[in-house]
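Undergrad: Have a peek at work-v5.txt (compact mmCIF, C-alpha atoms).
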```
# COMPACT_ATOMS: atom_id res chain seq x y z
CA ILE A 1 -18.02 -7.13 52.00
CA LEU A 2 -20.41 -10.06 51.48
CA ASP A 3 -23.19 -8.28 53.42
CA HIS A 4 -22.65 -5.19 51.32
CA ARG A 5 -23.03 -7.22 48.12
CA LEU A 6 -26.18 -8.88 49.41
CA ASN A 7 -27.67 -5.53 50.31
CA ARG A 8 -26.99 -4.22 46.80
CA THR A 9 -28.82 -7.14 45.15
CA GLN A 10 -31.89 -7.16 47.42
CA GLY A 11 -35.03 -6.12 45.57
CA THR A 12 -33.59 -6.65 42.07
CA GLU A 13 -35.27 -8.92 39.56
CA GLY A 14 -33.05 -10.76 37.09
CA PRO A 15 -29.79 -9.56 35.51
CA PRO A 16 -29.33 -5.92 34.53
CA GLN A 17 -30.67 -5.02 31.10
CA PRO A 18 -28.24 -3.77 28.44
CA THR A 19 -28.48 -0.14 27.48
CA VAL A 20 -26.95 1.89 24.67
CA ALA A 21 -25.43 5.25 25.52
CA GLN A 22 -27.24 8.26 24.08
CA VAL A 23 -24.59 10.02 22.00
CA PRO A 24 -24.63 11.94 18.71
CA SER A 25 -25.27 9.63 15.72
CA LYS A 26 -21.75 10.12 14.35
CA HIS A 27 -20.35 8.60 17.53
CA ARG A 28 -23.07 6.04 18.14
CA ILE A 29 -22.23 3.04 20.30
CA TYR A 30 -23.63 -0.24 18.93
CA SER A 31 -24.50 -3.35 20.89
CA ALA A 32 -23.12 -6.71 19.80
CA VAL A 33 -26.73 -7.84 19.21
CA GLU A 34 -27.25 -5.00 16.71
CA LEU A 35 -24.01 -5.74 14.89
CA ALA A 36 -24.71 -9.49 14.71
CA ALA A 37 -28.10 -8.77 13.10
CA MET A 38 -26.66 -6.54 10.37
CA GLU A 39 -26.56 -7.73 6.75
CA LEU A 40 -23.74 -5.82 5.08
CA PRO A 41 -23.03 -5.84 1.35
CA PRO A 42 -19.60 -7.06 0.20
CA VAL A 43 -16.85 -4.49 -0.27
CA ARG A 44 -17.56 -2.71 -3.55
CA GLN A 45 -14.99 -3.56 -6.22
CA ILE A 46 -13.39 -0.76 -8.22
CA VAL A 47 -10.99 -2.96 -10.19
CA PRO A 48 -12.49 -6.45 -9.64
CA GLY A 49 -10.01 -8.91 -8.21
CA LEU A 50 -7.42 -6.21 -7.52
CA TYR A 51 -8.78 -3.17 -5.70
CA GLY A 52 -11.95 -2.51 -3.75
CA VAL A 53 -13.17 0.63 -1.99
CA GLY A 54 -10.47 2.10 0.24
CA HIS A 55 -7.07 3.77 0.17
CA TYR A 56 -4.08 1.87 -1.22
CA LEU A 57 -0.39 2.60 -1.43
CA LEU A 58 1.40 1.67 -4.65
CA SER A 59 5.08 1.27 -3.89
CA GLY A 60 8.09 0.30 -5.93
CA ALA A 61 11.66 1.23 -6.70
CA PRO A 62 12.28 4.48 -8.61
CA LYS A 63 11.77 4.38 -12.41
CA MET A 64 10.19 0.91 -12.35
CA GLY A 65 6.78 1.80 -13.78
CA LYS A 66 4.66 2.85 -10.79
CA SER A 67 3.40 6.01 -12.48
CA ILE A 68 2.69 4.09 -15.68
CA LEU A 69 0.62 1.58 -13.68
CA ALA A 70 -1.26 4.29 -11.78
CA MET A 71 -2.04 6.21 -14.98
CA SER A 72 -3.01 2.96 -16.76
CA LEU A 73 -5.59 2.30 -14.05
CA ALA A 74 -6.77 5.92 -14.01
CA THR A 75 -7.24 6.07 -17.77
CA SER A 76 -9.15 2.79 -17.90
CA LEU A 77 -11.43 3.77 -15.01
CA ALA A 78 -12.22 7.14 -16.57
CA ALA A 79 -12.98 5.52 -19.93
CA GLY A 80 -14.86 2.56 -18.47
CA THR A 81 -12.91 0.07 -20.58
CA TYR A 82 -10.60 -2.74 -19.42
CA ALA A 83 -8.11 -2.16 -16.61
CA LEU A 84 -4.77 -3.82 -17.35
CA GLY A 85 -6.21 -4.85 -20.70
CA SER A 86 -8.61 -7.52 -19.43
CA ILE A 87 -10.58 -6.42 -16.33
CA ALA A 88 -13.88 -4.71 -17.16
CA VAL A 89 -14.46 -1.58 -15.06
CA GLU A 90 -17.29 0.93 -14.79
CA PRO A 91 -16.67 4.51 -16.02
CA ARG A 92 -16.28 7.04 -13.24
CA PRO A 93 -14.76 10.47 -12.59
CA VAL A 94 -11.02 10.28 -11.95
CA LEU A 95 -8.70 12.92 -10.49
CA TYR A 96 -5.03 12.26 -11.15
CA LEU A 97 -2.49 14.41 -9.29
CA SER A 98 0.58 14.16 -11.53
CA LEU A 99 2.91 15.98 -9.16
CA GLU A 100 6.24 14.60 -10.45
CA ASP A 101 5.94 13.87 -14.18
CA GLY A 102 4.93 17.37 -15.22
CA LEU A 103 2.95 18.61 -18.23
CA ARG A 104 5.18 17.51 -21.11
CA ARG A 105 5.76 13.92 -19.99
CA THR A 106 2.11 13.45 -18.99
CA VAL A 107 0.84 14.72 -22.35
CA THR A 108 3.24 12.42 -24.21
CA ARG A 109 2.29 9.35 -22.19
CA LEU A 110 -1.43 10.13 -22.29
CA LYS A 111 -1.38 10.23 -26.10
CA GLU A 112 0.43 6.88 -26.13
CA ARG A 113 -2.18 5.37 -23.79
CA LEU A 114 -5.10 6.54 -25.90
CA GLY A 115 -4.16 3.87 -28.42
CA GLY A 116 -5.11 1.26 -25.85
CA ILE A 117 -8.57 2.68 -25.11
CA GLY A 118 -9.87 3.48 -28.57
CA GLY A 119 -7.98 6.70 -29.30
CA VAL A 120 -10.49 9.00 -27.57
CA ALA A 121 -9.46 11.01 -24.51
CA PRO A 122 -11.77 10.08 -21.58
CA GLU A 123 -13.77 13.13 -20.53
CA PHE A 124 -14.03 11.82 -16.96
CA LEU A 125 -10.26 12.04 -16.45
CA GLN A 126 -8.97 15.24 -14.85
CA ILE A 127 -5.27 15.88 -14.21
CA ALA A 128 -3.56 18.42 -11.97
CA PHE A 129 0.17 19.13 -11.90
CA GLU A 130 0.27 21.21 -8.72
CA TRP A 131 -1.63 20.72 -5.48
CA PRO A 132 -1.26 22.19 -1.98
CA SER A 133 0.11 19.98 0.76
CA LEU A 134 -2.60 18.34 2.85
CA ASP A 135 -2.06 20.70 5.77
CA ALA A 136 -2.23 23.77 3.50
CA GLY A 137 -5.66 23.20 1.96
CA GLY A 138 -4.92 20.16 -0.19
CA LEU A 139 -7.14 17.84 1.83
CA GLU A 140 -10.08 20.25 1.70
CA MET A 141 -9.65 20.57 -2.08
CA LEU A 142 -9.74 16.78 -2.46
CA ARG A 143 -12.86 16.62 -0.31
CA ALA A 144 -14.54 19.34 -2.39
CA TRP A 145 -13.67 17.49 -5.62
CA SER A 146 -15.06 14.22 -4.22
CA ASP A 147 -18.23 16.00 -3.16
CA ASP A 148 -18.67 17.44 -6.67
CA HIS A 149 -17.95 14.10 -8.40
CA PRO A 150 -20.06 11.28 -6.89
CA GLY A 151 -18.37 7.94 -7.36
CA GLY A 152 -15.11 9.63 -8.30
CA VAL A 153 -11.70 8.15 -7.44
CA PHE A 154 -8.33 9.84 -7.00
CA PHE A 155 -4.66 9.05 -7.61
CA VAL A 156 -1.77 10.86 -5.91
CA ASP A 157 1.59 10.61 -7.68
CA THR A 158 3.49 10.87 -5.44
CA GLY A 159 2.34 11.14 -1.84
CA LYS A 160 5.56 12.82 -0.77
CA ARG A 161 4.56 15.92 -2.75
CA LEU A 162 1.44 16.36 -0.59
CA ARG A 163 3.58 16.22 2.52
CA GLN A 164 5.66 19.29 1.78
CA GLY A 165 4.94 22.07 4.23
CA GLU A 166 3.99 19.82 7.10
CA GLU A 167 5.57 20.53 10.45
CA GLU A 168 6.63 17.20 11.86
CA SER A 169 7.32 16.37 15.47
CA GLY A 170 7.37 13.22 17.53
CA SER A 171 8.10 9.73 16.21
CA PHE A 172 8.42 8.67 12.58
CA TYR A 173 5.48 6.33 13.13
CA SER A 174 3.18 9.12 14.35
CA ASN A 175 4.24 11.52 11.60
CA ASP A 176 3.62 8.95 8.86
CA TYR A 177 0.31 7.84 10.32
CA ASP A 178 -0.99 11.36 10.87
CA PHE A 179 -0.03 12.37 7.33
CA ILE A 180 -1.67 9.53 5.39
CA ALA A 181 -4.68 8.75 7.60
CA PRO A 182 -6.78 11.74 6.38
CA LEU A 183 -6.63 10.39 2.81
CA THR A 184 -7.82 7.01 4.06
CA ASP A 185 -10.62 8.67 6.00
CA LEU A 186 -11.61 10.53 2.83
CA THR A 187 -12.11 7.29 0.88
CA HIS A 188 -14.27 5.95 3.73
CA GLU A 189 -16.29 9.16 3.92
CA PHE A 190 -17.19 8.99 0.23
CA ASP A 191 -17.15 5.18 -0.06
CA THR A 192 -14.61 5.43 -2.86
CA PHE A 193 -11.11 4.45 -3.94
CA GLY A 194 -7.82 6.29 -3.71
CA MET A 195 -4.27 5.31 -4.60
CA THR A 196 -1.12 7.04 -3.39
CA VAL A 197 2.17 6.28 -5.15
CA TRP A 198 5.18 5.85 -2.86
CA HIS A 199 8.80 4.72 -3.17
CA ASP A 200 10.36 1.52 -1.85
CA ARG A 201 13.29 1.57 0.49
CA LYS A 202 16.71 0.30 -0.60
CA LEU A 203 16.83 -2.16 2.29
CA LEU A 204 15.45 -5.50 1.09
CA ALA A 205 12.55 -6.88 3.14
CA THR A 206 10.96 -10.34 3.29
CA ASP A 207 7.45 -8.81 3.39
CA PHE A 208 6.37 -6.32 0.72
CA PHE A 209 4.60 -4.21 3.38
CA ASP A 210 8.00 -3.63 4.99
CA GLN A 211 9.52 -2.66 1.65
CA VAL A 212 7.69 0.71 1.68
CA ASN A 213 10.12 3.57 2.31
CA ALA A 214 8.51 4.76 5.54
CA SER A 215 7.77 3.65 9.07
CA ARG A 216 4.95 1.21 9.69
CA GLY A 217 2.76 4.17 10.53
CA LEU A 218 2.22 4.70 6.80
CA THR A 219 1.17 1.14 6.03
CA ALA A 220 -0.92 0.92 9.20
CA ALA A 221 -3.05 3.93 8.22
CA VAL A 222 -4.05 2.75 4.73
CA ASP A 223 -6.47 0.00 3.75
CA GLY A 224 -4.02 -1.84 1.54
CA VAL A 225 -0.54 -1.93 0.06
CA SER A 226 0.43 -2.94 -3.47
CA GLN A 227 4.00 -3.28 -4.62
CA LEU A 228 5.40 -3.36 -8.14
CA GLN A 229 8.58 -5.45 -8.43
CA ARG A 230 10.52 -5.44 -11.67
CA ASP A 231 14.05 -6.19 -12.80
CA ARG A 232 15.43 -3.11 -14.50
CA GLY A 233 15.05 -3.43 -18.27
CA SER A 234 12.51 -6.26 -18.06
CA LYS A 235 9.08 -5.97 -19.70
CA GLU A 236 7.47 -8.06 -16.96
CA ALA A 237 6.77 -7.19 -13.34
CA LYS A 238 5.07 -8.68 -10.30
CA LEU A 239 2.24 -6.79 -8.62
CA SER A 240 1.61 -7.90 -5.02
CA ILE A 241 -1.49 -6.65 -3.18
CA GLY A 242 -2.54 -7.00 0.44
CA ASP A 243 -5.41 -5.33 2.28
CA ARG A 244 -7.74 -5.58 5.27
CA ASP A 245 -10.55 -7.50 3.57
CA SER A 246 -8.91 -10.11 1.33
CA GLU A 247 -6.05 -12.57 1.23
CA ASP A 248 -2.78 -11.40 -0.27
CA ARG A 249 -2.66 -11.81 -4.04
CA ALA A 250 -0.08 -11.35 -6.79
CA PHE A 251 -0.07 -10.97 -10.57
CA THR A 252 2.35 -10.96 -13.45
CA LEU A 253 2.13 -7.80 -15.58
CA ARG A 254 3.68 -7.03 -18.96
CA LEU A 255 4.50 -3.56 -20.28
CA ASP A 256 3.25 -2.62 -23.75
CA ASP A 257 5.67 -0.07 -25.19
CA MET A 258 3.21 1.00 -27.90
CA THR A 259 0.51 2.12 -25.46
CA ALA A 260 2.72 2.73 -22.39
CA MET A 261 0.32 0.62 -20.33
CA TRP A 262 0.68 -2.44 -18.11
CA GLY A 263 -1.31 -5.52 -19.09
CA LEU A 264 -2.36 -8.42 -16.88
CA VAL A 265 -0.70 -11.73 -17.80
CA GLU A 266 -1.71 -14.11 -15.00
CA ARG A 267 -2.29 -14.52 -11.31
CA VAL A 268 0.66 -16.09 -9.48
CA ASP A 269 1.34 -17.67 -6.12
CA VAL A 270 2.14 -15.01 -3.52
CA ALA A 271 4.59 -17.39 -1.88
CA ASN A 272 6.66 -17.49 -5.07
CA VAL A 273 6.79 -13.68 -5.17
CA LYS A 274 7.93 -13.48 -1.57
CA GLY A 275 10.26 -16.44 -1.89
CA SER A 276 12.95 -15.27 -4.30
CA PRO A 277 16.39 -16.72 -3.49
CA ALA A 278 17.78 -13.42 -2.17
CA VAL A 279 14.74 -12.90 0.08
CA ARG A 280 15.00 -16.47 1.39
CA VAL A 281 18.69 -15.98 2.21
CA LEU A 282 17.90 -12.72 3.99
CA ALA A 283 15.09 -14.38 5.95
CA ALA A 284 17.47 -17.17 7.00
CA ILE A 285 20.07 -14.65 8.15
CA ARG A 286 17.47 -12.91 10.29
CA ARG A 287 16.28 -16.18 11.82
CA LEU A 288 19.83 -17.36 12.61
CA ASP A 289 21.18 -13.99 13.75
CA SER A 290 23.42 -13.89 16.81
CA ASP A 291 26.27 -11.78 18.15
CA LEU A 292 28.72 -14.06 16.32
CA GLY A 293 27.01 -13.53 12.97
CA VAL A 294 25.80 -16.00 10.35
CA SER A 295 28.05 -17.99 7.99
CA PRO A 296 27.22 -19.26 4.47
CA ASP A 297 27.18 -22.90 5.60
CA MET A 298 24.64 -22.04 8.31
CA VAL A 299 22.34 -20.56 5.65
CA VAL A 300 22.84 -23.60 3.39
CA ALA A 301 21.76 -25.88 6.24
CA GLU A 302 18.75 -23.64 6.90
CA VAL A 303 17.38 -23.24 3.36
CA GLY A 304 18.33 -26.73 2.19
CA ASP A 305 18.51 -26.21 -1.60
CA MET A 306 21.40 -23.80 -2.25
CA THR A 307 25.14 -24.24 -2.59
CA ILE A 308 27.65 -22.34 -0.48
CA SER A 309 28.85 -20.42 -3.57
CA THR A 310 25.27 -19.34 -4.35
CA VAL A 311 24.74 -18.17 -0.79
CA ARG A 312 28.04 -16.27 -0.85
CA ASN A 313 26.92 -14.49 -4.02
CA HIS A 314 23.70 -13.50 -2.30
CA PHE A 315 25.74 -12.28 0.68
CA THR A 316 27.61 -9.97 -1.70
CA GLU A 317 24.44 -8.63 -3.33
CA LEU A 318 22.62 -8.18 -0.03
CA SER A 319 25.63 -6.36 1.37
CA LYS A 320 25.65 -3.97 -1.63
CA GLN A 321 21.94 -3.31 -1.08
CA GLY A 322 22.56 -2.49 2.57
CA ALA A 323 20.38 -5.35 3.80
CA ILE A 324 23.21 -7.04 5.74
CA ARG A 325 26.53 -6.03 7.26
CA ARG A 326 29.68 -8.10 7.39
CA VAL A 327 31.30 -9.06 10.68
CA ALA A 328 34.43 -11.01 11.59
CA ARG A 329 35.39 -14.35 9.99
CA GLY A 330 33.23 -13.89 6.88
CA ARG A 331 30.00 -13.87 8.81
CA VAL A 332 27.15 -11.43 8.37
CA ARG A 333 24.34 -9.89 10.39
CA PRO A 334 21.15 -8.06 9.35
CA ALA A 335 21.62 -4.35 8.80
CA ILE A 336 20.48 -2.00 11.52
CA GLU A 337 17.38 -0.29 10.18
CA ASP A 338 17.40 3.50 10.27
CA GLU A 339 13.91 3.79 11.68
CA THR A 340 12.39 4.88 14.98
CA PRO A 341 10.63 1.95 16.66
CA GLU A 342 6.86 2.07 16.97
```
Could you spell out this file's structure in structure tokens?
TA:
Amino acid sequence: ILDHRLNRTQGTEGPPQPTVAQVPSKHRIYSAVELAAMELPPVRQIVPGLYGVGHYLLSGAPKMGKSILAMSLATSLAAGTYALGSIAVEPRPVLYLSLEDGLRRTVTRLKERLGGIGGVAPEFLQIAFEWPSLDAGGLEMLRAWSDDHPGGVFFVDTGKRLRQGEEESGSFYSNDYDFIAPLTDLTHEFDTFGMTVWHDRKLLATDFFDQVNASRGLTAAVDGVSQLQRDRGSKEAKLSIGDRDSEDRAFTLRLDDMTAMWGLVERVDVANVKGSPAVRVLAAIRRLDSDLGVSPDMVVAEVGDMTISTVRNHFTELSKQGAIRRVARGRVRPAIEDETPE
């Protein structure tokens, strides 16, 4: 073997020189030297501080204001005014697929929102109430619209409506990924922004990415996830955002009933958003889980700043939400998630 190796190296001068495969430009292979020499501009901001170029999910519980938030952003972007009442944005074409609210509700809410942007309907805002599913021509129609409207952005409310008609097979993960990935690819192709509204699951999660009512295939295939959390009846909500290019961030929003628009109040600590008492109790249960279950006093010892009665109350609420299940002797265990593993 050694002689063979020696024979192979005889007559060579120095180490082999790197080469780049000759392939079509779309599938070009880059060398590390080329990549290291590149000077790339920062990710272009669509709503500065909140959303850059890419495809984002906007999730939340039903009837909590997701559509109001999406339309608030869409209206401000089309008018080139102030997103969430205080963030200056450039005017651009906007396509809003209002696939759940319908004509009457959209017209009513749009007229209410006009009070917050000067009373004039933005000519760059276009709204559709029906759209084919992605596999039945809907994706091609979105691509054609993007091609005809340079710099345009799109909103899909809700993504589930573009999924109707798809034939699904295989794992939940693959189905979710294959459905949403073409929308993400579209934003990359046109260097633009897209937002797809989605629902949260009932099962409480310690990470807002896991709160999305889908497998992780959906969140893996988008550039970012934003979640709107709000106590029913409250005028304030928390908006948490996480993506590939920035650290997680969170904001307090307040709903203006007069204009039916969300306004930005302040930026908040993401840890405080993720660290509500119920979420902390659930996280402790998951860390301590065993075949024998977890008792309230075990959680008290783990979290350090709650009483047994408080923890028991959270046990009751988490059980109602389906996040935990009760076992013998008053102990609990995390619920078994109804989801196919990746």
Undergrad: Any idea what's packed within 9 Å of stretch 80-83 of chain A, counting all atoms listed in the file, ignoring anything in its chain fewer than 3 positions away? Could you give it as a ChimeraX atom specification?
TA: /A:47,72-77,86-92,117,122,262-264
Undergrad: Between atom CA of A:Arg109 and atom CA of A:Ala260, what distance in Å does the model show, to one decimal?
TA: 6.6 Å
Undergrad: Can you work out the spacing between atom CA of A:Ile46 and atom CA of A:Ile241 in Å, to one decimal?
TA: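 Distance reported for this atom pair: 14.2 Å.
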Undergrad: Pick from A:Thr184, A:Thr252, A:Thr316, A:Ser295: nearest to A:Gly330, with only C-alpha atoms counted?
TA: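 When distances to A:Gly330 are compared using only C-alpha atoms, the smallest one comes from A:Ser295.
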Undergrad: Please enclose the listed atoms of stretch 279-298 of chain A in an axis-aligned box, pad each side by 6 Å, and write out the centre and the three edge lengths in Å, rounded to one decimal, as JSON.
TA:
```
{"center_x": 21.7, "center_y": -17.3, "center_z": 9.1, "size_x": 26.0, "size_y": 23.1, "size_z": 30.1}
```
Undergrad: At what distance in Å, to one decimal, does atom CA of A:Ala220 lie from atom CA of A:Pro93?
TA: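 The value is 27.5 Å.
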Undergrad: Which is closest to A:Phe155 among A:Leu228, A:Leu69, A:Ala181, A:Leu218, if we use only C-alpha atoms?
TA: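 Smallest distance to A:Phe155 is found for A:Leu69.
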